[in-house]
Structure formats: C-alpha cells, structure tokens
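**Q** Input: one structure, supplied below.
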Amino acid sequence: MDDPTEQSQWRGLHQLQARMDAEIGRIYTDRQIKGLKPSYVMELLRLHAKGPMTITELAESVGRTHSALSQKVSAMRTAGLVRTVPGTDARSKKVALTAKAKKIVELLAAEWRATEAAITELEAELPYPMTQVVRDVEEALARKSFHDRIAEKLQELGEPK
C-alpha cells in the first residue's frame, strides 16, 4: 500500500497555521512567559473579561466543545494559568485566572490586537484575503458538510470493509 499522506491538500494549511502560531509563541518566549500557548489566549482573555465560568459556559463562550475545553483547561491548570474555584452550588466548579495569568492579561490583550492588525496588514498584500477564504469555505460547507463530502468520496473510492 502506498502512503497516502505523501500527497496532501490539507498539509499546507496546517503548516501555515502552525508557523503563524509559533511566531505568536515567540512573542511570549521573548517576554519569558512560561507555559503559555497561543491557543490559550482567547480563553484567558474571556475569563479576564467575564470572570470565572464553568467549563460549559467557557466552551459556549468561545465556540468549542465541552470535551475540548476540559482538556485545554487541564493544560492551562498545569501551566499555572487557571484554577478551579467553587461554583454557585456544591457540585459546580468554575474556572478562574491565577495570579500568574492576571499579571499577563494586559500583554495578551495587546498581543491579540497587534495580531489582528498584522493580519489586516498581511491581507492587504494578498489578492484574496484569508478571511474571505474562511467565509467562502464556511458557505460551501453550509451547503454540504465536510463529513458528507468525505463520506461521499469514501463511497466513490470503494471504501474498504
């Protein structure tokens, strides 16, 4: 069997995203912030703006699944950026920022704004802005989901049993 991963339409997009995230990560490294990943910033800023939230509330707030956010909160807890505090009743817990995270939220907000400005600048150099690509892909997927497209191709290719 040939290795199907040697050809990939998808790899370039993943690699581009990884390179851009790594460049954002260098901003944190330059400032000697340990344990912070670019993928944590939205949640940290949301907790700063809205206060402690349950994982479910935070997941809904940032448009992620409970499972994905639970894993991310665990990683952010390990990095010393969040902690859990008692919720409104004995059974619930809320995610809150630690002192470490509170010290860096202003930098994170500034970095977020700078990143958005850099993307705007970058898009001005492109013949077809990335944000337009995202909107176009979302519209196409609204017509037919990615799942349905893959399932259809599996059938066309004679999916192995």
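Scheme for the structure tokens: letters A, B, ... for chains in order shown; per-chain residue numbers from 1; ligand numbers from 1 in order shown.
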Using DSSP on the backbone coordinates, identify all residues within range 13-119 of chain A classified as alpha helix (DSSP H); present the result as a PyMOL selection string.
**A** chain A and resi 13-30+41-50+55-62+66-78+99-119
**Q** Write out as a list in words the residues lying within 12 Å of Glu57 in chain A, counting only C-alpha atoms and excluding same-chain residues fewer than 4 positions away.
**A**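 Final neighbour list, sorted by chain and number: Glu43, Arg46, Leu47, Lys50, Gly51, Pro52, Met53, Ser61, Val62, Gly63, Arg64, Thr65, His66, Leu69, Ser70, Gly87, Ser92, Lys93, Lys94 and Val95 of chain A.
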**Q** Using Å and a single decimal, report how far CA of Arg113 in chain A sits from CA of Leu45 in chain A.
**A**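 If I compute the distance from CA of Leu45 in chain A to CA of Arg113 in chain A, I get 11.8 Å.
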**Q** Using DSSP on the backbone coordinates, identify the residues of range 7-154 of chain A assigned to strand (DSSP E); present them as a list in words.
**A**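 So the strand (DSSP E) residues in range 7-154 of chain A would be Val82, Arg83, Thr84, Val85, Pro86, Lys93, Lys94, Val95, Ala96 and Leu97 of chain A.
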**Q** Choose the residue, out of A:Ala140, A:Ala68, A:Met1, A:Val133, that has the smallest atom-to-atom separation from Tyr40 in chain A; count only C-alpha atoms.
**A**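 Closest residue, counting only C-alpha atoms: A:Ala68.
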**Q** In Å, with one decimal, what is the gap from CA of Val137 in chain A to CA of Arg149 in chain A?
**A**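 Distance between the two atoms: 12.9 Å.
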**Q** Hey, what's within 10 Å of Asp21 in chain A if we count only C-alpha atoms and toss same-chain stuff fewer than 5 positions away? As a list in words, please?
**A**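 Selected residues are Gln15, Leu16, Arg26, Lys37, Pro38 and Ser39 of chain A.
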**Q** Expressed in Å to a single decimal, how great is the separation between CA of Leu13 in chain A and CA of Met130 in chain A?
**A**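 Atom-to-atom, CA of Leu13 in chain A to CA of Met130 in chain A, that is 11.1 Å.
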**Q** Would you kindly return, as a VMD selection string, each protein, DNA or RNA residue with an atom no farther than 8 Å from any atom of Val82 in chain A, considering only C-alpha atoms and excluding same-chain residues fewer than 6 positions away?
**A** chain A and resid 73 76 95 to 98 101
**Q** For the residues in the current selection, export N, CA and C atoms as a PDB file, in the first residue's frame.
**A**
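As a result, part-v6.pdb now contains:
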```
ATOM      1  N   VAL A  73      -8.431  23.356  29.615  1.00  0.00           N
ATOM      2  CA  VAL A  73      -8.390  23.868  30.987  1.00  0.00           C
ATOM      3  C   VAL A  73      -7.403  23.059  31.816  1.00  0.00           C
ATOM      4  N   MET A  76      -4.019  24.280  30.854  1.00  0.00           N
ATOM      5  CA  MET A  76      -3.787  25.630  31.385  1.00  0.00           C
ATOM      6  C   MET A  76      -3.585  25.591  32.903  1.00  0.00           C
ATOM      7  N   VAL A  95     -13.892  27.969  36.469  1.00  0.00           N
ATOM      8  CA  VAL A  95     -12.503  28.177  36.077  1.00  0.00           C
ATOM      9  C   VAL A  95     -12.197  29.654  36.287  1.00  0.00           C
ATOM     10  N   ALA A  96     -11.090  29.918  36.974  1.00  0.00           N
ATOM     11  CA  ALA A  96     -10.696  31.296  37.253  1.00  0.00           C
ATOM     12  C   ALA A  96      -9.217  31.484  36.903  1.00  0.00           C
ATOM     13  N   LEU A  97      -8.847  32.717  36.632  1.00  0.00           N
ATOM     14  CA  LEU A  97      -7.446  33.041  36.361  1.00  0.00           C
ATOM     15  C   LEU A  97      -6.628  32.977  37.647  1.00  0.00           C
ATOM     16  N   THR A  98      -5.388  32.554  37.510  1.00  0.00           N
ATOM     17  CA  THR A  98      -4.448  32.600  38.631  1.00  0.00           C
ATOM     18  C   THR A  98      -3.772  33.972  38.644  1.00  0.00           C
ATOM     19  N   ALA A 101      -1.679  34.448  35.554  1.00  0.00           N
ATOM     20  CA  ALA A 101      -2.422  34.862  34.358  1.00  0.00           C
ATOM     21  C   ALA A 101      -2.850  36.320  34.462  1.00  0.00           C
TER      22      ALA A 101
END
```
**Q** Restricting the calculation to only C-alpha atoms: of A:Leu108, A:Glu23, A:Ala18, A:Thr54, which residue gets closest to Pro86 in chain A?
**A**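 Among the listed residues, A:Thr54 lies closest to Pro86 in chain A.
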